[in-house]
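For reference, work_5.cif (mmCIF, C-alpha atoms and all ligand atoms; chains and numbers go by the auth columns):
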data_query
#
loop_
_atom_site.group_PDB
_atom_site.id
_atom_site.type_symbol
_atom_site.label_atom_id
_atom_site.label_comp_id
_atom_site.label_asym_id
_atom_site.label_seq_id
_atom_site.Cartn_x
_atom_site.Cartn_y
_atom_site.Cartn_z
_atom_site.B_iso_or_equiv
_atom_site.auth_seq_id
_atom_site.auth_asym_id
ATOM 1 C CA MET A 1 -39.871 19.955 17.894 0.00 1 A
ATOM 2 C CA VAL A 2 -40.791 16.498 19.117 0.00 2 A
ATOM 3 C CA VAL A 3 -43.448 17.954 21.393 0.00 3 A
ATOM 4 C CA SER A 4 -45.062 19.978 18.634 0.00 4 A
ATOM 5 C CA TYR A 5 -45.077 16.944 16.376 0.00 5 A
ATOM 6 C CA ILE A 6 -46.958 14.973 19.050 0.00 6 A
ATOM 7 C CA LEU A 7 -49.449 17.801 19.516 0.00 7 A
ATOM 8 C CA LEU A 8 -49.984 17.996 15.777 0.00 8 A
ATOM 9 C CA ALA A 9 -50.409 14.237 15.499 0.00 9 A
ATOM 10 C CA SER A 10 -52.958 14.152 18.281 0.00 10 A
ATOM 11 C CA PHE A 11 -54.814 17.111 16.774 0.00 11 A
ATOM 12 C CA LEU A 12 -54.917 15.396 13.398 0.00 12 A
ATOM 13 C CA SER A 13 -56.087 12.100 14.804 0.00 13 A
ATOM 14 C CA SER A 14 -58.968 13.729 16.650 0.00 14 A
ATOM 15 C CA ALA A 15 -59.830 15.978 13.688 0.00 15 A
ATOM 16 C CA LEU A 16 -59.838 13.053 11.270 0.00 16 A
ATOM 17 C CA SER A 17 -61.955 10.822 13.476 0.00 17 A
ATOM 18 C CA ASP A 18 -65.686 11.117 12.836 0.00 18 A
ATOM 19 C CA THR A 19 -66.460 9.741 16.266 0.00 19 A
ATOM 20 C CA THR A 20 -65.612 12.133 19.065 0.00 20 A
ATOM 21 C CA CYS A 21 -67.246 11.059 22.299 0.00 21 A
ATOM 22 C CA PRO A 22 -67.125 12.240 25.913 0.00 22 A
ATOM 23 C CA ASP A 23 -65.086 10.257 28.438 0.00 23 A
ATOM 24 C CA ALA A 24 -66.690 6.933 29.405 0.00 24 A
ATOM 25 C CA TRP A 25 -68.742 6.863 26.193 0.00 25 A
ATOM 26 C CA VAL A 26 -67.977 4.321 23.467 0.00 26 A
ATOM 27 C CA ALA A 27 -67.778 5.407 19.832 0.00 27 A
ATOM 28 C CA ASP A 28 -69.031 3.415 16.879 0.00 28 A
ATOM 29 C CA ARG A 29 -70.018 4.523 13.377 0.00 29 A
ATOM 30 C CA GLY A 30 -71.044 8.074 14.156 0.00 30 A
ATOM 31 C CA SER A 31 -72.695 7.433 17.509 0.00 31 A
ATOM 32 C CA CYS A 32 -71.581 7.584 21.130 0.00 32 A
ATOM 33 C CA TYR A 33 -72.961 5.042 23.586 0.00 33 A
ATOM 34 C CA LEU A 34 -73.059 5.065 27.372 0.00 34 A
ATOM 35 C CA PHE A 35 -73.505 1.668 29.041 0.00 35 A
ATOM 36 C CA SER A 36 -74.457 2.605 32.607 0.00 36 A
ATOM 37 C CA ILE A 37 -74.175 -0.709 34.362 0.00 37 A
ATOM 38 C CA ASP A 38 -74.636 0.733 37.876 0.00 38 A
ATOM 39 C CA GLN A 39 -77.631 2.867 36.925 0.00 39 A
ATOM 40 C CA THR A 40 -80.473 0.351 37.105 0.00 40 A
ATOM 41 C CA SER A 41 -83.892 1.942 36.925 0.00 41 A
ATOM 42 C CA THR A 42 -87.352 1.746 35.379 0.00 42 A
ATOM 43 C CA PHE A 43 -87.752 2.475 31.663 0.00 43 A
ATOM 44 C CA VAL A 44 -89.046 6.009 32.314 0.00 44 A
ATOM 45 C CA GLU A 45 -86.205 6.764 34.715 0.00 45 A
ATOM 46 C CA ALA A 46 -83.761 5.388 32.140 0.00 46 A
ATOM 47 C CA GLN A 47 -85.233 7.761 29.544 0.00 47 A
ATOM 48 C CA HIS A 48 -84.675 10.672 31.941 0.00 48 A
ATOM 49 C CA TYR A 49 -81.166 9.492 32.740 0.00 49 A
ATOM 50 C CA CYS A 50 -80.180 9.472 29.069 0.00 50 A
ATOM 51 C CA GLY A 51 -81.900 12.825 28.560 0.00 51 A
ATOM 52 C CA GLN A 52 -79.801 14.324 31.323 0.00 52 A
ATOM 53 C CA HIS A 53 -76.770 13.258 29.267 0.00 53 A
ATOM 54 C CA ASP A 54 -78.102 14.978 26.149 0.00 54 A
ATOM 55 C CA ALA A 55 -78.879 11.519 24.758 0.00 55 A
ATOM 56 C CA HIS A 56 -81.707 8.987 24.427 0.00 56 A
ATOM 57 C CA LEU A 57 -82.152 5.252 24.947 0.00 57 A
ATOM 58 C CA THR A 58 -80.494 3.638 21.945 0.00 58 A
ATOM 59 C CA ILE A 59 -82.218 3.411 18.566 0.00 59 A
ATOM 60 C CA ILE A 60 -80.928 0.322 16.757 0.00 60 A
ATOM 61 C CA ASP A 61 -80.990 0.930 13.028 0.00 61 A
ATOM 62 C CA ASP A 62 -79.448 -2.193 11.574 0.00 62 A
ATOM 63 C CA ASP A 63 -77.618 -5.453 12.061 0.00 63 A
ATOM 64 C CA PHE A 64 -74.245 -3.700 12.383 0.00 64 A
ATOM 65 C CA GLU A 65 -75.401 -1.523 15.257 0.00 65 A
ATOM 66 C CA ASN A 66 -77.209 -4.415 16.928 0.00 66 A
ATOM 67 C CA ASN A 67 -74.152 -6.672 16.733 0.00 67 A
ATOM 68 C CA PHE A 68 -71.900 -3.930 18.064 0.00 68 A
ATOM 69 C CA LEU A 69 -74.173 -3.418 21.082 0.00 69 A
ATOM 70 C CA LYS A 70 -74.545 -7.138 21.692 0.00 70 A
ATOM 71 C CA SER A 71 -70.821 -7.784 21.575 0.00 71 A
ATOM 72 C CA PHE A 72 -70.331 -4.996 24.108 0.00 72 A
ATOM 73 C CA VAL A 73 -73.010 -6.047 26.586 0.00 73 A
ATOM 74 C CA ARG A 74 -71.938 -9.687 26.431 0.00 74 A
ATOM 75 C CA LYS A 75 -69.030 -8.591 28.645 0.00 75 A
ATOM 76 C CA PHE A 76 -71.605 -8.119 31.428 0.00 76 A
ATOM 77 C CA ARG A 77 -73.391 -11.441 31.565 0.00 77 A
ATOM 78 C CA HIS A 78 -75.834 -10.673 34.357 0.00 78 A
ATOM 79 C CA THR A 79 -77.121 -7.297 33.242 0.00 79 A
ATOM 80 C CA ASN A 80 -80.267 -6.591 31.226 0.00 80 A
ATOM 81 C CA TRP A 81 -80.370 -3.392 29.156 0.00 81 A
ATOM 82 C CA TRP A 82 -83.146 -1.016 28.162 0.00 82 A
ATOM 83 C CA ILE A 83 -83.260 -0.014 24.507 0.00 83 A
ATOM 84 C CA GLY A 84 -85.440 2.855 23.282 0.00 84 A
ATOM 85 C CA LEU A 85 -88.332 0.738 22.005 0.00 85 A
ATOM 86 C CA THR A 86 -91.845 0.726 23.469 0.00 86 A
ATOM 87 C CA ASP A 87 -95.462 -0.150 22.628 0.00 87 A
ATOM 88 C CA GLU A 88 -96.802 1.747 25.608 0.00 88 A
ATOM 89 C CA LEU A 89 -99.037 4.046 23.527 0.00 89 A
ATOM 90 C CA VAL A 90 -100.712 1.370 21.353 0.00 90 A
ATOM 91 C CA GLU A 91 -100.381 -2.279 22.356 0.00 91 A
ATOM 92 C CA GLY A 92 -98.454 -4.211 19.702 0.00 92 A
ATOM 93 C CA ASP A 93 -97.387 -1.077 17.819 0.00 93 A
ATOM 94 C CA TRP A 94 -93.678 -0.880 18.626 0.00 94 A
ATOM 95 C CA ARG A 95 -91.963 2.489 18.172 0.00 95 A
ATOM 96 C CA TRP A 96 -88.638 4.108 18.945 0.00 96 A
ATOM 97 C CA TYR A 97 -89.848 6.623 21.548 0.00 97 A
ATOM 98 C CA LYS A 98 -87.350 9.277 20.456 0.00 98 A
ATOM 99 C CA THR A 99 -88.574 9.428 16.844 0.00 99 A
ATOM 100 C CA GLN A 100 -91.937 7.615 17.093 0.00 100 A
ATOM 101 C CA GLU A 101 -90.746 5.588 14.072 0.00 101 A
ATOM 102 C CA VAL A 102 -91.593 1.920 13.510 0.00 102 A
ATOM 103 C CA PRO A 103 -88.335 -0.056 13.651 0.00 103 A
ATOM 104 C CA VAL A 104 -86.897 -1.006 10.267 0.00 104 A
ATOM 105 C CA PHE A 105 -84.628 -3.612 11.840 0.00 105 A
ATOM 106 C CA THR A 106 -85.601 -5.839 14.787 0.00 106 A
ATOM 107 C CA ASP A 107 -83.927 -8.681 16.653 0.00 107 A
ATOM 108 C CA TRP A 108 -86.748 -10.099 18.757 0.00 108 A
ATOM 109 C CA ALA A 109 -86.018 -13.401 20.482 0.00 109 A
ATOM 110 C CA PRO A 110 -88.226 -16.336 19.465 0.00 110 A
ATOM 111 C CA ASN A 111 -91.812 -15.856 20.725 0.00 111 A
ATOM 112 C CA GLU A 112 -91.139 -12.229 21.636 0.00 112 A
ATOM 113 C CA PRO A 113 -92.656 -9.733 22.012 0.00 113 A
ATOM 114 C CA ASN A 114 -95.295 -11.693 23.908 0.00 114 A
ATOM 115 C CA SER A 115 -96.497 -9.573 26.852 0.00 115 A
ATOM 116 C CA TYR A 116 -95.736 -12.711 28.894 0.00 116 A
ATOM 117 C CA GLY A 117 -98.388 -14.718 27.081 0.00 117 A
ATOM 118 C CA GLY A 118 -100.861 -11.848 27.492 0.00 118 A
ATOM 119 C CA LYS A 119 -100.712 -12.192 31.294 0.00 119 A
ATOM 120 C CA HIS A 120 -98.680 -9.030 31.842 0.00 120 A
ATOM 121 C CA ASN A 121 -98.485 -5.663 30.177 0.00 121 A
ATOM 122 C CA GLU A 122 -94.947 -5.812 28.829 0.00 122 A
ATOM 123 C CA ASP A 123 -94.404 -2.585 26.913 0.00 123 A
ATOM 124 C CA CYS A 124 -90.659 -1.907 26.990 0.00 124 A
ATOM 125 C CA GLY A 125 -87.795 -3.337 24.923 0.00 125 A
ATOM 126 C CA VAL A 126 -84.843 -5.067 26.571 0.00 126 A
ATOM 127 C CA MET A 127 -81.621 -6.743 25.490 0.00 127 A
ATOM 128 C CA HIS A 128 -81.953 -9.665 27.880 0.00 128 A
ATOM 129 C CA THR A 129 -79.344 -12.055 29.274 0.00 129 A
ATOM 130 C CA SER A 130 -81.726 -15.008 28.980 0.00 130 A
ATOM 131 C CA THR A 131 -81.879 -14.662 25.170 0.00 131 A
ATOM 132 C CA ASP A 132 -78.189 -13.828 24.636 0.00 132 A
ATOM 133 C CA PHE A 133 -79.317 -10.213 24.280 0.00 133 A
ATOM 134 C CA LYS A 134 -81.849 -10.756 21.559 0.00 134 A
ATOM 135 C CA TRP A 135 -84.725 -8.378 22.270 0.00 135 A
ATOM 136 C CA VAL A 136 -87.663 -9.149 24.545 0.00 136 A
ATOM 137 C CA ASP A 137 -90.568 -7.090 25.802 0.00 137 A
ATOM 138 C CA ASP A 138 -90.675 -6.766 29.563 0.00 138 A
ATOM 139 C CA LEU A 139 -92.411 -4.814 32.310 0.00 139 A
ATOM 140 C CA CYS A 140 -91.417 -1.139 32.119 0.00 140 A
ATOM 141 C CA SER A 141 -91.345 -1.004 35.928 0.00 141 A
ATOM 142 C CA LEU A 142 -88.431 -3.449 36.223 0.00 142 A
ATOM 143 C CA HIS A 143 -84.977 -2.107 37.028 0.00 143 A
ATOM 144 C CA TYR A 144 -82.482 -2.518 34.189 0.00 144 A
ATOM 145 C CA SER A 145 -79.459 -0.612 32.932 0.00 145 A
ATOM 146 C CA PRO A 146 -79.767 1.963 30.145 0.00 146 A
ATOM 147 C CA ILE A 147 -77.890 2.030 26.858 0.00 147 A
ATOM 148 C CA CYS A 148 -77.832 5.741 26.012 0.00 148 A
ATOM 149 C CA GLU A 149 -76.961 6.974 22.523 0.00 149 A
ATOM 150 C CA LYS A 150 -76.195 10.320 20.967 0.00 150 A
ATOM 151 C CA GLU A 151 -74.544 11.582 17.819 0.00 151 A
ATOM 152 C CA ALA A 152 -70.771 11.669 17.881 0.00 152 A
ATOM 153 C CA GLY A 153 -68.875 14.901 17.505 0.00 153 A
ATOM 154 C CA SER A 154 -71.442 17.255 19.007 0.00 154 A
ATOM 155 C CA THR A 155 -69.114 17.988 21.910 0.00 155 A
ATOM 156 C CA THR A 156 -65.975 18.536 19.815 0.00 156 A
ATOM 157 C CA GLU A 157 -63.911 21.497 20.921 0.00 157 A
ATOM 158 C CA LEU A 158 -60.922 22.730 19.011 0.00 158 A
ATOM 159 C CA THR A 159 -58.108 24.120 21.100 0.00 159 A
ATOM 160 C CA VAL A 160 -55.707 26.451 19.348 0.00 160 A
ATOM 161 C CA ILE A 161 -52.157 25.697 20.376 0.00 161 A
ATOM 162 C CA GLY A 162 -49.445 28.267 20.200 0.00 162 A
HETATM 163 CA CA CA B . -78.539 4.185 16.689 0.00 201 B
HETATM 164 CA CA CA B . -96.964 -4.530 25.007 0.00 202 B
HETATM 165 CA CA CA B . -91.856 -10.775 26.875 0.00 203 B
#
Could the structure of this file be written out as structure tokens, please?
Ligand SMILES: [Ca+2]
Ligand SMILES: [Ca+2]
Ligand SMILES: [Ca+2]
Amino acid sequence: MVVSYILLASFLSSALSDTTCPDAWVADRGSCYLFSIDQTSTFVEAQHYCGQHDAHLTIIDDDFENNFLKSFVRKFRHTNWWIGLTDELVEGDWRWYKTQEVPVFTDWAPNEPNSYGGKHNEDCGVMHTSTDFKWVDDLCSLHYSPICEKEAGSTTELTVIG
């Protein structure tokens, strides 16, 4: 009786949650995020890495999502993180690569994006330690960690007990 109550309770809690994420992913407001601190790579490799996990580099829609991500990555003070934003196709025209949409919300650090004063071709968006994780543009060939994102709940499996 006790056991079946526990099973029922755990079934209900997972069924009622709108954020079901795989192990090691972090849930927030309908999305699952993977912060792969040991997986430093170029922007393109980071895109592939997230793709292999049925995900994409994160698309940051609003202040809530941005603050959630920032508060998480602040735990890792020495790591810079790729987000899914690039102006690689048209200089100065920043787009989320997954949707090709112009960002509605941005959190650029002061004087960013700047392509390093025009001296370098900085085409990829980063949450950078030096700006307390406000966004900067940086060289896509640098090696940073990816923040992957996908919709929550797409991997939900219901197990019938009994
Ligand atoms: Ca998002
Ligand atoms: Ca650029
Ligand atoms: Ca820059």
Between chain A and ligand CA 203 (chain B), at 7 Å or less, what are the per-residue closest atom pairs and their distances in Å? Count only C-alpha atoms and all ligand atoms, order by chain and rising residue number, and return it as JSON lines.
{"residue": "A:Glu112", "atom": "CA", "partner": "B:CA203", "partner_atom": "CA", "distance": 5.5}
{"residue": "A:Pro113", "atom": "CA", "partner": "B:CA203", "partner_atom": "CA", "distance": 5.0}
{"residue": "A:Asn114", "atom": "CA", "partner": "B:CA203", "partner_atom": "CA", "distance": 4.6}
{"residue": "A:Ser115", "atom": "CA", "partner": "B:CA203", "partner_atom": "CA", "distance": 4.8}
{"residue": "A:Tyr116", "atom": "CA", "partner": "B:CA203", "partner_atom": "CA", "distance": 4.8}
{"residue": "A:Glu122", "atom": "CA", "partner": "B:CA203", "partner_atom": "CA", "distance": 6.2}
{"residue": "A:Val136", "atom": "CA", "partner": "B:CA203", "partner_atom": "CA", "distance": 5.1}
{"residue": "A:Asp137", "atom": "CA", "partner": "B:CA203", "partner_atom": "CA", "distance": 4.0}
{"residue": "A:Asp138", "atom": "CA", "partner": "B:CA203", "partner_atom": "CA", "distance": 5.0}
*Please identify the residues whose atoms come within 10 Å of ligand CA 201 (chain B), using all atoms listed in the file, and report them as a PyMOL selection string.*
chain A and resi 28-33+56-62+64-66+69+84+148-151
_Picked residues, the PyMOL selection byres (((not hetatm)) within 10 of (chain B and resi 202)), expected as number ranges by chain_ = A: 86-94, 113-116, 118, 120-125, 137-140
Put those residues in a file: C-alpha atoms, as an mmCIF file, in the frame of the given file.
data_model
loop_
_atom_site.group_PDB
_atom_site.id
_atom_site.type_symbol
_atom_site.label_atom_id
_atom_site.label_comp_id
_atom_site.auth_asym_id
_atom_site.auth_seq_id
_atom_site.Cartn_x
_atom_site.Cartn_y
_atom_site.Cartn_z
ATOM 1 C CA THR A 86 -91.845 0.726 23.469
ATOM 2 C CA ASP A 87 -95.462 -0.150 22.628
ATOM 3 C CA GLU A 88 -96.802 1.747 25.608
ATOM 4 C CA LEU A 89 -99.037 4.046 23.527
ATOM 5 C CA VAL A 90 -100.712 1.370 21.353
ATOM 6 C CA GLU A 91 -100.381 -2.279 22.356
ATOM 7 C CA GLY A 92 -98.454 -4.211 19.702
ATOM 8 C CA ASP A 93 -97.387 -1.077 17.819
ATOM 9 C CA TRP A 94 -93.678 -0.880 18.626
ATOM 10 C CA PRO A 113 -92.656 -9.733 22.012
ATOM 11 C CA ASN A 114 -95.295 -11.693 23.908
ATOM 12 C CA SER A 115 -96.497 -9.573 26.852
ATOM 13 C CA TYR A 116 -95.736 -12.711 28.894
ATOM 14 C CA GLY A 118 -100.861 -11.848 27.492
ATOM 15 C CA HIS A 120 -98.680 -9.030 31.842
ATOM 16 C CA ASN A 121 -98.485 -5.663 30.177
ATOM 17 C CA GLU A 122 -94.947 -5.812 28.829
ATOM 18 C CA ASP A 123 -94.404 -2.585 26.913
ATOM 19 C CA CYS A 124 -90.659 -1.907 26.990
ATOM 20 C CA GLY A 125 -87.795 -3.337 24.923
ATOM 21 C CA ASP A 137 -90.568 -7.090 25.802
ATOM 22 C CA ASP A 138 -90.675 -6.766 29.563
ATOM 23 C CA LEU A 139 -92.411 -4.814 32.310
ATOM 24 C CA CYS A 140 -91.417 -1.139 32.119
#
*Output check: residues returned by the PyMOL selection byres (((chain A and resi 24) around 9) and not hetatm), as a PyMOL selection string*: chain A and resi 21-23+25-26+33-35
_Distance of CA of Val126 (chain A) from CA of Thr79 (chain A), expressed in Å to one decimal place_ =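 Going from CA of Thr79 (chain A) over to CA of Val126 (chain A) covers 10.4 Å.
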*When distances are computed from only C-alpha atoms, which of A:Phe105, A:Thr20, A:Trp82, A:Arg95 shows the smallest separation from Gln39 (chain A)?*
A:Trp82
*asked:* I need the residue nearest Thr106 (chain A) from this list: A:Ala152, A:Ala27, A:Leu85, A:Ala46. Use all atoms listed in the file for the distance.
replied: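 For Thr106 (chain A), the nearest of the candidates is A:Leu85.
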*Just the residues within 12 Å of Thr40 (chain A), please, counting all atoms listed in the file, with nothing from its chain fewer than 4 positions along; format it as an NGL selection string.*
:A and (35-36 or 44-47 or 49 or 79-82 or 141-147)
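We find CA of Phe133 (chain A) and CA of Phe43 (chain A) to be spaced 16.9 Å apart.
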_Could you tell me how far CA of Met127 (chain A) sits from CA of His48 (chain A), in Å to one decimal place?_
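These atoms are spaced 18.8 Å apart.
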*Evaluate the PyMOL selection byres (((chain A and resi 109) around 6) and not hetatm) and record the selected residues as a list of chain:residue names, following the chain and residue labels used in the document.*
A:Trp108, A:Pro110, A:Glu112, A:Lys134, A:Trp135
*Of the listed residues A:Asp38, A:Ile83, A:Cys50, A:Val102, that which approaches Lys70 (chain A) most closely, counting only C-alpha atoms*: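 Using only C-alpha atoms, Lys70 (chain A) sits closest to A:Ile83.
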Grab all the atoms of region 62-81 of chain A that the file lists, wrap them in a box along x, y and z, add 4 Å per side, and give me centre plus edge lengths in Å (one decimal) as lines of an AutoDock Vina configuration file.
center_x = -74.7
center_y = -6.5
center_z = 23.0
size_x = 19.3
size_y = 17.9
size_z = 30.8
